[in-house]
>>> print(open('run22.cif').read())   # mmCIF, C-alpha atoms and all ligand atoms
data_my_file
loop_
_atom_site.label_atom_id
_atom_site.label_comp_id
_atom_site.auth_asym_id
_atom_site.auth_seq_id
_atom_site.Cartn_x
_atom_site.Cartn_y
_atom_site.Cartn_z
CA MET A 1 121.67 82.19 130.86
CA ARG A 2 118.34 83.68 129.93
CA LYS A 3 117.37 86.49 132.27
CA LYS A 4 113.86 85.99 133.62
CA ILE A 5 111.31 88.53 132.45
CA ILE A 6 108.06 89.36 134.20
CA ALA A 7 105.69 91.65 132.31
CA ALA A 8 102.49 93.29 133.51
CA ASN A 9 99.77 93.47 130.87
CA TRP A 10 97.23 95.86 132.30
CA LYS A 11 94.89 95.47 129.31
CA MET A 12 92.15 98.17 129.37
CA TYR A 13 92.55 99.01 133.05
CA LYS A 14 93.74 102.10 134.92
CA THR A 15 93.33 105.81 134.36
CA CYS A 16 96.41 108.05 134.56
CA THR A 17 95.60 108.82 138.20
CA GLU A 18 95.35 105.13 139.07
CA THR A 19 98.56 104.53 137.16
CA GLU A 20 100.41 107.15 139.20
CA SER A 21 99.43 105.59 142.49
CA PHE A 22 100.30 102.07 141.29
CA ILE A 23 103.79 103.13 140.18
CA ALA A 24 104.45 105.06 143.39
CA GLU A 25 103.50 102.05 145.48
CA PHE A 26 105.34 99.56 143.28
CA LYS A 27 108.54 101.62 143.44
CA ASN A 28 108.27 101.62 147.23
CA LEU A 29 108.01 97.85 147.27
CA ALA A 30 110.51 97.00 144.57
CA GLY A 31 113.21 99.64 145.02
CA ASN A 32 115.96 98.96 142.50
CA TYR A 33 115.20 95.27 142.02
CA GLU A 34 117.12 93.93 139.03
CA GLU A 35 117.28 90.19 139.46
CA LYS A 36 114.56 89.72 136.88
CA GLU A 37 113.62 92.09 134.10
CA VAL A 38 110.36 93.86 134.93
CA VAL A 39 108.19 95.38 132.20
CA ILE A 40 105.02 97.40 132.70
CA CYS A 41 102.60 97.52 129.76
CA PRO A 42 99.89 100.07 130.60
CA PRO A 43 97.22 101.31 128.18
CA PHE A 44 98.47 103.86 125.62
CA THR A 45 96.98 106.74 127.63
CA SER A 46 99.25 105.95 130.59
CA LEU A 47 102.52 105.42 128.69
CA PHE A 48 103.67 109.00 129.14
CA VAL A 49 102.98 108.97 132.86
CA VAL A 50 104.74 105.64 133.37
CA GLN A 51 107.84 106.61 131.38
CA ASN A 52 108.25 109.70 133.56
CA LEU A 53 107.78 107.80 136.80
CA LEU A 54 110.09 104.94 135.81
CA LYS A 55 112.95 107.17 134.67
CA ASP A 56 115.35 106.42 137.51
CA THR A 57 114.39 102.79 137.97
CA PRO A 58 115.50 99.53 136.33
CA PHE A 59 111.89 98.85 135.25
CA LYS A 60 111.02 98.92 131.58
CA LEU A 61 108.06 100.23 129.63
CA GLY A 62 106.03 98.28 127.09
CA ALA A 63 102.94 98.93 124.95
CA GLN A 64 100.12 96.48 124.37
CA ASN A 65 99.84 96.84 120.60
CA MET A 66 101.12 98.88 117.67
CA PHE A 67 100.37 99.47 113.99
CA TRP A 68 102.94 98.54 111.34
CA GLU A 69 103.15 101.90 109.54
CA LYS A 70 105.40 104.74 110.64
CA GLU A 71 102.66 107.36 110.22
CA GLY A 72 99.65 108.09 108.06
CA ALA A 73 95.89 108.30 107.83
CA TYR A 74 95.11 105.40 110.18
CA THR A 75 92.60 106.81 112.63
CA GLY A 76 92.94 105.38 116.10
CA GLU A 77 96.26 103.65 115.55
CA ILE A 78 99.62 104.12 117.31
CA SER A 79 102.93 103.87 115.45
CA PRO A 80 106.31 102.43 116.44
CA VAL A 81 107.84 105.92 116.24
CA MET A 82 105.37 107.18 118.83
CA LEU A 83 106.26 104.30 121.14
CA LYS A 84 110.00 104.88 120.73
CA ASP A 85 109.50 108.55 121.51
CA LEU A 86 107.99 107.48 124.84
CA ASN A 87 110.99 105.26 125.62
CA CYS A 88 109.04 102.06 125.17
CA GLU A 89 111.35 99.07 124.89
CA TYR A 90 108.76 96.34 124.49
CA VAL A 91 105.50 95.89 122.65
CA ILE A 92 103.03 93.05 123.09
CA ILE A 93 102.09 91.69 119.67
CA GLY A 94 99.35 89.21 118.78
CA HIS A 95 97.68 88.88 122.16
CA SER A 96 94.75 86.44 121.91
CA GLU A 97 92.33 89.25 122.80
CA ARG A 98 93.59 91.16 119.75
CA ARG A 99 93.26 88.03 117.62
CA GLN A 100 89.75 87.38 118.95
CA TYR A 101 88.14 90.83 119.15
CA PHE A 102 90.16 92.83 116.64
CA CYS A 103 90.58 90.26 113.86
CA GLU A 104 94.37 90.11 114.04
CA THR A 105 95.77 87.42 111.79
CA ASN A 106 99.11 85.63 111.78
CA GLU A 107 100.00 87.74 108.72
CA ASN A 108 99.24 91.06 110.43
CA ILE A 109 101.11 89.91 113.49
CA ASN A 110 104.14 89.04 111.35
CA LYS A 111 104.12 92.57 109.89
CA LYS A 112 103.94 94.07 113.37
CA ILE A 113 106.80 91.92 114.66
CA LYS A 114 109.02 92.96 111.74
CA THR A 115 108.09 96.61 112.22
CA ALA A 116 108.83 96.47 115.94
CA PHE A 117 112.38 95.23 115.25
CA ASN A 118 112.88 97.81 112.51
CA TRP A 119 112.24 100.51 115.08
CA GLY A 120 114.27 98.96 117.88
CA LEU A 121 111.32 97.67 119.90
CA THR A 122 111.33 94.14 121.31
CA PRO A 123 108.11 92.27 120.63
CA ILE A 124 106.46 90.12 123.27
CA PHE A 125 104.88 87.79 120.75
CA CYS A 126 101.83 85.92 122.09
CA VAL A 127 100.75 82.47 120.97
CA GLY A 128 98.31 79.98 122.42
CA GLU A 129 95.57 77.49 121.63
CA LYS A 130 91.85 77.64 122.47
CA TRP A 131 90.26 75.02 124.72
CA GLU A 132 88.46 73.24 121.87
CA GLU A 133 91.74 73.05 119.97
CA ARG A 134 93.49 71.50 122.96
CA GLU A 135 90.62 69.02 123.41
CA LYS A 136 90.93 67.93 119.79
CA GLY A 137 94.68 67.39 120.20
CA LYS A 138 95.48 70.35 117.93
CA THR A 139 97.70 72.33 120.31
CA GLU A 140 100.90 71.44 118.51
CA ASP A 141 99.49 72.33 115.05
CA ILE A 142 98.15 75.67 116.26
CA ILE A 143 101.37 76.68 118.02
CA ARG A 144 103.46 75.58 115.05
CA GLU A 145 101.35 77.66 112.67
CA GLN A 146 101.35 80.75 114.92
CA VAL A 147 105.09 80.62 115.55
CA THR A 148 106.07 79.83 111.96
CA LYS A 149 103.84 82.50 110.39
CA GLY A 150 104.61 85.06 113.08
CA LEU A 151 108.36 84.74 112.56
CA GLU A 152 108.28 84.37 108.76
CA GLY A 153 111.11 86.25 107.07
CA LEU A 154 112.63 87.43 110.34
CA PRO A 155 116.45 87.46 110.41
CA MET A 156 118.30 85.43 113.03
CA GLU A 157 119.64 88.47 114.85
CA ASN A 158 116.06 89.54 115.55
CA VAL A 159 114.68 86.15 116.48
CA GLU A 160 117.18 85.62 119.27
CA LYS A 161 115.96 88.84 120.92
CA ILE A 162 112.26 88.11 120.76
CA VAL A 163 110.18 87.25 123.81
CA ILE A 164 107.45 84.70 123.18
CA ALA A 165 104.52 84.47 125.57
CA TYR A 166 102.75 81.13 125.58
CA GLU A 167 99.24 82.00 126.71
CA PRO A 168 96.68 79.22 126.38
CA VAL A 169 93.47 81.12 125.62
CA TRP A 170 91.44 78.99 128.05
CA ALA A 171 93.72 79.99 130.94
CA ILE A 172 93.44 83.75 130.40
CA GLY A 173 91.34 85.50 133.01
CA THR A 174 89.64 82.26 134.05
CA GLY A 175 91.51 81.46 137.26
CA HIS A 176 92.37 78.08 135.70
CA SER A 177 96.06 78.23 134.88
CA ALA A 178 97.80 75.53 132.88
CA LYS A 179 99.84 72.97 134.79
CA GLY A 180 103.51 73.88 135.00
CA GLU A 181 104.64 70.79 133.14
CA ASP A 182 102.04 71.20 130.37
CA ALA A 183 103.15 74.80 129.83
CA ASN A 184 106.75 73.64 129.84
CA GLU A 185 105.95 71.07 127.17
CA VAL A 186 104.55 73.79 124.88
CA ALA A 187 107.51 76.08 125.65
CA LYS A 188 109.79 73.21 124.63
CA LEU A 189 107.77 72.75 121.45
CA ILE A 190 108.22 76.47 120.65
CA ARG A 191 111.97 76.10 121.15
CA ASP A 192 112.02 73.03 118.89
CA ILE A 193 110.12 74.91 116.18
CA ILE A 194 112.62 77.80 116.33
CA SER A 195 115.46 75.33 116.32
CA THR A 196 114.14 73.81 113.09
CA LEU A 197 113.44 77.20 111.49
CA TYR A 198 116.82 78.67 112.59
CA ASN A 199 119.16 76.70 114.83
CA SER A 200 119.41 75.47 118.40
CA ASP A 201 121.69 78.32 119.45
CA ILE A 202 119.05 80.87 118.53
CA ALA A 203 116.29 78.72 120.05
CA ASN A 204 118.15 78.58 123.35
CA LYS A 205 118.45 82.36 123.49
CA VAL A 206 114.75 83.11 123.02
CA ARG A 207 112.93 83.88 126.23
CA ILE A 208 109.58 82.17 126.63
CA GLN A 209 107.01 83.37 129.14
CA TYR A 210 103.92 81.66 130.40
CA GLY A 211 100.69 83.67 130.71
CA GLY A 212 97.20 82.79 131.90
CA SER A 213 95.91 83.20 135.47
CA VAL A 214 99.39 83.65 136.92
CA ASN A 215 99.26 84.72 140.58
CA PRO A 216 101.59 84.90 143.58
CA GLN A 217 100.63 81.34 144.57
CA ASN A 218 101.34 79.58 141.27
CA ILE A 219 104.22 81.63 139.82
CA VAL A 220 106.94 79.38 141.25
CA GLU A 221 105.41 76.36 139.51
CA PHE A 222 106.05 78.11 136.19
CA LEU A 223 109.40 79.71 136.95
CA SER A 224 110.82 76.38 138.07
CA GLN A 225 110.24 74.81 134.64
CA SER A 226 113.31 74.37 132.46
CA GLU A 227 111.91 76.12 129.36
CA ILE A 228 109.93 78.94 130.99
CA ASP A 229 111.75 82.22 131.47
CA GLY A 230 109.09 84.41 132.99
CA ALA A 231 105.46 85.38 132.94
CA LEU A 232 103.03 87.73 131.23
CA VAL A 233 100.62 88.69 133.97
CA GLY A 234 97.15 90.17 133.53
CA GLY A 235 94.79 90.47 136.50
CA ALA A 236 97.38 89.86 139.20
CA SER A 237 99.54 92.71 137.86
CA LEU A 238 96.92 95.34 138.64
CA LYS A 239 97.73 95.50 142.35
CA PRO A 240 101.27 96.60 143.29
CA GLN A 241 101.52 94.09 146.13
CA SER A 242 100.51 91.01 144.15
CA PHE A 243 102.60 92.03 141.14
CA TRP A 244 105.62 92.55 143.41
CA GLU A 245 105.08 89.13 145.00
CA ILE A 246 105.11 87.58 141.54
CA VAL A 247 108.22 89.54 140.51
CA LYS A 248 110.30 88.67 143.55
CA SER A 249 109.21 85.02 143.74
P1 LIG B 301 95.39 86.91 133.33
O1 LIG B 301 96.68 86.87 134.09
O2 LIG B 301 94.40 87.90 133.86
O3 LIG B 301 94.82 85.54 133.14
O4 LIG B 301 95.75 87.44 131.86
C1 LIG B 301 96.80 86.85 131.18
C2 LIG B 301 97.09 87.65 129.98
O5 LIG B 301 96.33 87.69 129.05
C3 LIG B 301 98.34 88.42 129.98
O6 LIG B 301 98.61 88.91 128.71
#
>>> encode(input="run22.cif", output="structure tokens")
Amino acid sequence: MRKKIIAANWKMYKTCTETESFIAEFKNLAGNYEEKEVVICPPFTSLFVVQNLLKDTPFKLGAQNMFWEKEGAYTGEISPVMLKDLNCEYVIIGHSERRQYFCETNENINKKIKTAFNWGLTPIFCVGEKWEEREKGKTEDIIREQVTKGLEGLPMENVEKIVIAYEPVWAIGTGHSAKGEDANEVAKLIRDIISTLYNSDIANKVRIQYGGSVNPQNIVEFLSQSEIDGALVGGASLKPQSFWEIVKS
């Protein structure tokens, strides 16, 4: 059984003060909820605050990005060692906004995924097609390329632990989510690709999330799909009440 995993991707939202009040309110609502795994991915500046406030809870901490070197002259970057030191367990890698605005390539993403595992962090590896790619019938090719290149050279024991977030770019922040069954079809495709690259045992262990305009009203449509094991939530994770409604659904 794959344990469902709901992750909040706050993107570039929330100061430390706003973070503190979110976590206080969320803890009030969620108590010691453990039925699904819950991961909060705040901006780097709030990681320290969140790790302190989550100490006695079942909720996990994740970062939104990471560089692949341990340390060095890389102004503005954050290393895996720094994330481990803050008790981060997860790190989002290859989000479409990073691919789009920060020139991340499948090759860079592959390096980051390998680095994350080397330092004991679990990547939430994002893949997804753009609208024009979907319209041209290229979804399968794009996903295959992203998954294959992202996982290149990764040993089996790592792959089975990875979380993959299928986030169609056109559904992110638009209010137009994918249909449950369409997302399920892509999640199935991802599992088939992993099955071919590795084996079906490994493929069946990988957790696959859906992301893109998830909200308390549509979450059940995704969680009830056979191949979808959770959600990566942007906008609707910024308010404790709506994030909690998604988590407990
Ligand atoms: P929204 O939920 O705001 O569409 O964002 C999805 C996302 O990009 C999560 O990583």
>>> residues_near_ligand(input="run22.cif", ligand="ligand LIG 301 (chain B)", cutoff="9 Å", atoms="all atoms listed in the file", output="PyMOL selection string")
chain A and resi 7-11+64+92+95-97+126+165+167-177+210-215+231-237
>>> atom_distance(input="run22.cif", atom1="atom CA of A:Val49", atom2="atom CA of A:Glu20")
7.1 Å
>>> residues_around(input="run22.cif", residues="A:Glu132", least_positions_apart="3", cutoff="12 Å", atoms="only C-alpha atoms", output="mmCIF file with C-alpha atoms, in the coordinates of the input")
data_model
loop_
_atom_site.group_PDB
_atom_site.id
_atom_site.type_symbol
_atom_site.label_atom_id
_atom_site.label_comp_id
_atom_site.auth_asym_id
_atom_site.auth_seq_id
_atom_site.Cartn_x
_atom_site.Cartn_y
_atom_site.Cartn_z
ATOM 1 C CA GLY A 128 98.310 79.980 122.420
ATOM 2 C CA GLU A 129 95.570 77.490 121.630
ATOM 3 C CA GLU A 135 90.620 69.020 123.410
ATOM 4 C CA LYS A 136 90.930 67.930 119.790
ATOM 5 C CA GLY A 137 94.680 67.390 120.200
ATOM 6 C CA LYS A 138 95.480 70.350 117.930
ATOM 7 C CA THR A 139 97.700 72.330 120.310
ATOM 8 C CA ILE A 142 98.150 75.670 116.260
ATOM 9 C CA PRO A 168 96.680 79.220 126.380
ATOM 10 C CA VAL A 169 93.470 81.120 125.620
ATOM 11 C CA TRP A 170 91.440 78.990 128.050
#
>>> closest_residue(input="run22.cif", among="A:Pro43, A:Lys112, A:Val159, A:Val147", to="A:Asn199", atoms="only C-alpha atoms")
A:Val159
>>> closest_residue(input="run22.cif", among="A:Trp131, A:Glu160, A:Gln100, A:Leu47", to="A:Lys84", atoms="all atoms listed in the file")
A:Leu47
